[in-house]
Amino acid sequence: MTRRVRPRAALVALAAVVITATALTGPAGAARGPAAPAAGHDATRRAIEAAVLAGVPGVAAEARDADGVWRTAAGVGDLRTGKARGAADRFRVGSITSTFVATVLLQMAAEGKLSLDDTVERHLPGVVAGNGNDGRTVTVRQLLNHTSGLFDYLSEPSYYQKYVLGDGFLRHRYDTLTPGDRLAVAFSHPPLFPAGARHAFSHTNDLLAALIVERIGGGSYEQEVRRRIIRPLGLGATSHPGASTVPPRPSGRGYSKLFFDTRPDRIDDVTAFDGSQVWGDGDIISSAGDLNRFYRALMRGTLLPPRQLAELKTTVVNPDLPISSYGLGIERLEMSCGTSLWYHDGGTVGSLTFAATTEDGSHQFTFNYNGDWEVSQLLPTLNAEFCEFCEPTSG
């Protein structure tokens, strides 16, 4: 739940503000202790239904634990036709893309093709420059754990106004952008702080990480993700958009309140937009089932050798949310019931996704909203899945 500025600015950043104190608490009277399997997932189902009642158009979810695979969906996938949301729907995963990119770079590190302590300048000479930005002072590790200090291009007011808000989004949704276009926005601003000083999430970091994948791999970042993760794990619902502006079927529509001043509650269908606008830091399309399989394989060491998996799980303090810390493309969350989770959240216009796993890989849970404005049930849903069945400690 790192504080992030991204489509529908707050998104999961709400975790760093008003609802954190209540959303991550266990059920009344539950003491800290190990979490038991969430048999039946009844509490999770109620939380998902509560999200729809609160205004989310539809929710798709899947959990995997010792009892098997549980899937559910609630609400609608299409507000115009009333078609129900499907549990197998594909959707844009937003910043969850960064876990895929980090995994590829760690595989490359295991192969001796780079070091996490290499400077960005070594692999992308001359790219990070201007206004005090210097690729010689930023390392690959600092990109992945978001301690680089580099300005987040998505938080630049004029860019956000043009590509995310109101008429700006509607006019420019089909614009094709290059990574250089977005980096130019980032480097028109000085760094927020010296590299390594603290953690602050920046989409600029993830974009640069994807470019390093391309420089080292010699092909596209998409090819590396497919070759190293998607194909070996058989993630048949996971893809990159390429030239397509909509997710492949089965999928629902995506909806957003685009902050029109005169009509703040106006809801627009924002399903279609050019994927180049989130290339490398938010473009992957997947399903709840595929994301669960990915995070299960990651935590169980299928994708990374022990040394690189340990690097992935080496965290830095998240000053925006003390109960959370950030590793390499993944975050750690200490639940109030005593369960430790590894997770990532992701948002693009019209889509919010949360994917979490226990450290031993025994329990995964992913859910997606096809609307980006109602977030009050995000953390209660996570709490319901992982903490509803906490066993009280004795004494």
# chains A, B, ... in the order shown; residues from 1 in each chain; ligands from 1
$ select_by_dssp --residues "stretch 31-115 of chain A" --states "strand (DSSP E or B)" --output "list in words"
Ala35, Gly58, Val59, Ala60, Ala61, Glu62, Ala63, Arg64, Asp65, Gly68, Val69, Trp70, Arg71, Thr72, Ala73, Ala74, Gly75, Val76, Ala84, Arg90, Phe91 and Arg92 of chain A
$ residues_around --residues "A:Tyr153" --least-positions-apart "5" --cutoff "10 Å" --atoms "only C-alpha atoms" --output "tab-separated table (two decimals) with N, CA, C and O atoms, in the first residue's frame"
chain	number	residue	atom	x	y	z
A	5	VAL	N	0.94	8.17	-6.72
A	5	VAL	CA	0.07	8.99	-7.56
A	5	VAL	C	-0.06	8.26	-8.87
A	5	VAL	O	0.92	7.96	-9.54
A	6	ARG	N	-1.26	7.92	-9.25
A	6	ARG	CA	-1.51	7.19	-10.47
A	6	ARG	C	-2.98	7.38	-10.81
A	6	ARG	O	-3.68	8.06	-10.09
A	159	TYR	N	0.89	16.52	-17.07
A	159	TYR	CA	0.78	15.17	-17.65
A	159	TYR	C	-0.48	14.48	-17.11
A	159	TYR	O	-1.25	13.88	-17.87
A	160	TYR	N	-0.68	14.58	-15.81
A	160	TYR	CA	-1.84	13.94	-15.19
A	160	TYR	C	-3.14	14.51	-15.74
A	160	TYR	O	-4.10	13.79	-16.02
A	181	ASP	N	9.16	9.75	-24.07
A	181	ASP	CA	8.20	10.82	-23.81
A	181	ASP	C	7.93	10.95	-22.32
A	181	ASP	O	7.87	12.06	-21.77
A	182	ARG	N	7.74	9.83	-21.67
A	182	ARG	CA	7.41	9.86	-20.26
A	182	ARG	C	8.62	10.18	-19.40
A	182	ARG	O	8.52	10.89	-18.39
A	183	LEU	N	9.80	9.69	-19.79
A	183	LEU	CA	11.00	10.01	-19.04
A	183	LEU	C	11.34	11.50	-19.14
A	183	LEU	O	11.84	12.09	-18.18
A	184	ALA	N	11.07	12.10	-20.29
A	184	ALA	CA	11.30	13.54	-20.43
A	184	ALA	C	10.48	14.33	-19.42
A	184	ALA	O	10.93	15.34	-18.88
A	185	VAL	N	9.25	13.87	-19.17
A	185	VAL	CA	8.42	14.50	-18.16
A	185	VAL	C	9.06	14.36	-16.78
A	185	VAL	O	9.16	15.33	-16.00
A	186	ALA	N	9.54	13.16	-16.47
A	186	ALA	CA	10.15	12.91	-15.16
A	186	ALA	C	11.39	13.77	-14.95
A	186	ALA	O	11.57	14.40	-13.89
A	187	PHE	N	12.24	13.82	-15.97
A	187	PHE	CA	13.52	14.49	-15.80
A	187	PHE	C	13.47	15.99	-16.06
A	187	PHE	O	14.49	16.68	-16.01
A	188	SER	N	12.27	16.50	-16.32
A	188	SER	CA	12.08	17.95	-16.31
A	188	SER	C	12.02	18.48	-14.89
A	188	SER	O	11.99	19.68	-14.66
A	189	HIS	N	11.99	17.53	-13.92
A	189	HIS	CA	12.00	17.86	-12.51
A	189	HIS	C	13.27	17.31	-11.86
A	189	HIS	O	13.77	16.25	-12.26
A	202	SER	N	7.74	5.53	-7.45
A	202	SER	CA	7.78	6.33	-8.66
A	202	SER	C	7.66	5.42	-9.87
A	202	SER	O	8.46	4.49	-10.03
A	203	HIS	N	6.67	5.68	-10.73
A	203	HIS	CA	6.53	4.90	-11.95
A	203	HIS	C	7.76	5.02	-12.85
A	203	HIS	O	8.04	4.14	-13.66
A	204	THR	N	8.50	6.10	-12.69
A	204	THR	CA	9.73	6.30	-13.46
A	204	THR	C	10.71	5.17	-13.20
A	204	THR	O	11.40	4.70	-14.12
A	205	ASN	N	10.81	4.72	-11.96
A	205	ASN	CA	11.71	3.61	-11.63
A	205	ASN	C	11.37	2.36	-12.42
A	205	ASN	O	12.25	1.69	-12.98
A	207	LEU	N	9.65	2.06	-15.18
A	207	LEU	CA	9.87	2.27	-16.60
A	207	LEU	C	11.34	2.07	-16.95
A	207	LEU	O	11.68	1.39	-17.94
$ closest_atom_pairs --of "stretch 56-142 of chain A" --to "stretch 256-269 of chain A" --cutoff "12 Å" --atoms "only C-alpha atoms" --output "JSON lines"
{"residue": "A:Val56", "atom": "CA", "partner": "A:Ser256", "partner_atom": "CA", "distance": 10.1}
{"residue": "A:Pro57", "atom": "CA", "partner": "A:Ser256", "partner_atom": "CA", "distance": 10.1}
{"residue": "A:Gly77", "atom": "CA", "partner": "A:Asp269", "partner_atom": "CA", "distance": 11.1}
{"residue": "A:Asp78", "atom": "CA", "partner": "A:Asp269", "partner_atom": "CA", "distance": 9.2}
{"residue": "A:Leu79", "atom": "CA", "partner": "A:Asp269", "partner_atom": "CA", "distance": 8.8}
{"residue": "A:Arg80", "atom": "CA", "partner": "A:Asp269", "partner_atom": "CA", "distance": 9.6}
$ write_last_selection --atoms "C-alpha atoms" --output "PDB file, in the first residue's frame"
ATOM      1  CA  VAL A  56     -17.822  -0.899  -7.364  1.00  0.00           C
ATOM      2  CA  PRO A  57     -19.398  -2.076 -10.659  1.00  0.00           C
ATOM      3  CA  GLY A  77     -18.891  -6.456 -16.030  1.00  0.00           C
ATOM      4  CA  ASP A  78     -20.879  -4.170 -18.312  1.00  0.00           C
ATOM      5  CA  LEU A  79     -23.049  -1.377 -16.936  1.00  0.00           C
ATOM      6  CA  ARG A  80     -24.795  -0.885 -20.279  1.00  0.00           C
TER       7      ARG A  80
END
$ residues_around --residues "A:Gly135" --least-positions-apart "3" --cutoff "7 Å" --atoms "only C-alpha atoms" --output "PyMOL selection string"
chain A and resi 119-121+128-129+138
$ write_last_selection --atoms "N, CA, C and O atoms" --output "compact mmCIF listing (two decimals), in the first residue's frame"
# COMPACT_ATOMS: atom_id res chain seq x y z
N THR A 119 25.17 0.75 -11.68
CA THR A 119 24.47 2.01 -11.85
C THR A 119 23.55 1.94 -13.06
O THR A 119 23.76 1.15 -13.99
N VAL A 120 22.51 2.75 -13.06
CA VAL A 120 21.63 2.85 -14.22
C VAL A 120 22.43 3.33 -15.43
O VAL A 120 22.19 2.90 -16.56
N GLU A 121 23.38 4.21 -15.21
CA GLU A 121 24.20 4.74 -16.30
C GLU A 121 24.92 3.62 -17.05
O GLU A 121 25.09 3.69 -18.27
N VAL A 128 19.35 8.94 -17.83
CA VAL A 128 18.97 9.68 -16.62
C VAL A 128 19.89 10.88 -16.49
O VAL A 128 21.02 10.77 -16.02
N ALA A 129 19.42 12.03 -16.93
CA ALA A 129 20.27 13.21 -16.97
C ALA A 129 19.41 14.47 -16.99
O ALA A 129 18.24 14.44 -17.39
N VAL A 138 22.44 6.36 -9.27
CA VAL A 138 21.27 5.51 -9.01
C VAL A 138 21.60 4.09 -9.43
O VAL A 138 22.13 3.86 -10.53
$ select_by_dssp --residues "stretch 86-330 of chain A" --states "alpha helix (DSSP H)" --output "JSON, numbers by chain"
{"A": [97, 98, 99, 100, 101, 102, 103, 104, 105, 106, 107, 108, 109, 110, 120, 121, 122, 123, 140, 141, 142, 143, 144, 157, 158, 159, 160, 161, 162, 163, 166, 167, 168, 169, 170, 171, 172, 179, 180, 181, 182, 183, 184, 185, 186, 203, 204, 205, 206, 207, 208, 209, 210, 211, 212, 213, 214, 215, 216, 217, 221, 222, 223, 224, 225, 231, 232, 233, 288, 289, 290, 291, 292, 293, 294, 295, 296, 297, 298, 299, 306, 307, 308, 309, 310, 311, 312]}
$ residues_around --residues "stretch 219-227 of chain A" --least-positions-apart "3" --cutoff "12 Å" --atoms "only C-alpha atoms" --output "ChimeraX atom specification"
/A:97-105,107-108,206-216,230-242,279-281,283-285,294,303
$ atom_distance --atom1 "atom CA of A:Thr147" --atom2 "atom CA of A:Leu192"
10.2 Å
$ closest_residue --among "A:Phe367, A:Phe201, A:Phe273, A:Tyr343" --to "A:Thr381" --atoms "only C-alpha atoms"
A:Phe367
$ residues_around --residues "A:Leu116" --least-positions-apart "5" --cutoff "9 Å" --atoms "only C-alpha atoms" --output "list in words"
Leu105, Leu106, Ala109, Thr139, Val140, Arg141 and Gln142 of chain A
$ closest_residue --among "A:His199, A:His363, A:Arg71, A:His41" --to "A:Leu144" --atoms "only C-alpha atoms"
A:His199
$ residues_around --residues "A:Arg171" --least-positions-apart "3" --cutoff "12 Å" --atoms "only C-alpha atoms" --output "ChimeraX atom specification"
/A:161-168,174-175,270,273-274
$ residues_around --residues "A:Ser95" --least-positions-apart "4" --cutoff "7 Å" --atoms "only C-alpha atoms" --output "PyMOL selection string"
chain A and resi 281-282+345-347
$ write_last_selection --atoms "N, CA, C and O atoms" --output "PDB file, in the first residue's frame"
ATOM      1  N   ASP A 281       5.580  -0.212 -16.978  1.00  0.00           N
ATOM      2  CA  ASP A 281       5.303   0.018 -15.564  1.00  0.00           C
ATOM      3  C   ASP A 281       3.849  -0.215 -15.205  1.00  0.00           C
ATOM      4  O   ASP A 281       3.457   0.001 -14.062  1.00  0.00           O
ATOM      5  N   GLY A 282       3.027  -0.687 -16.179  1.00  0.00           N
ATOM      6  CA  GLY A 282       1.638  -0.941 -15.844  1.00  0.00           C
ATOM      7  C   GLY A 282       0.826  -1.554 -16.949  1.00  0.00           C
ATOM      8  O   GLY A 282      -0.393  -1.509 -16.922  1.00  0.00           O
ATOM      9  N   ASP A 345      -0.180  -4.067  -5.263  1.00  0.00           N
ATOM     10  CA  ASP A 345      -1.437  -3.555  -5.770  1.00  0.00           C
ATOM     11  C   ASP A 345      -1.169  -2.861  -7.087  1.00  0.00           C
ATOM     12  O   ASP A 345      -0.029  -2.516  -7.400  1.00  0.00           O
ATOM     13  N   GLY A 346      -2.217  -2.664  -7.874  1.00  0.00           N
ATOM     14  CA  GLY A 346      -2.033  -2.027  -9.167  1.00  0.00           C
ATOM     15  C   GLY A 346      -3.279  -1.306  -9.616  1.00  0.00           C
ATOM     16  O   GLY A 346      -4.395  -1.803  -9.436  1.00  0.00           O
ATOM     17  N   GLY A 347      -3.093  -0.144 -10.186  1.00  0.00           N
ATOM     18  CA  GLY A 347      -4.219   0.607 -10.690  1.00  0.00           C
ATOM     19  C   GLY A 347      -3.920   1.267 -12.015  1.00  0.00           C
ATOM     20  O   GLY A 347      -2.823   1.784 -12.220  1.00  0.00           O
TER      21      GLY A 347
END
$ closest_residue --among "A:Gly327, A:Pro247, A:Gly275, A:Gly361" --to "A:Gln308" --atoms "only C-alpha atoms"
A:Gly327
$ atom_distance --atom1 "atom CA of A:Ser362" --atom2 "atom CA of A:Asp290"
15.4 Å
$ atom_distance --atom1 "atom CA of A:Thr302" --atom2 "atom CA of A:Ile229"
10.0 Å
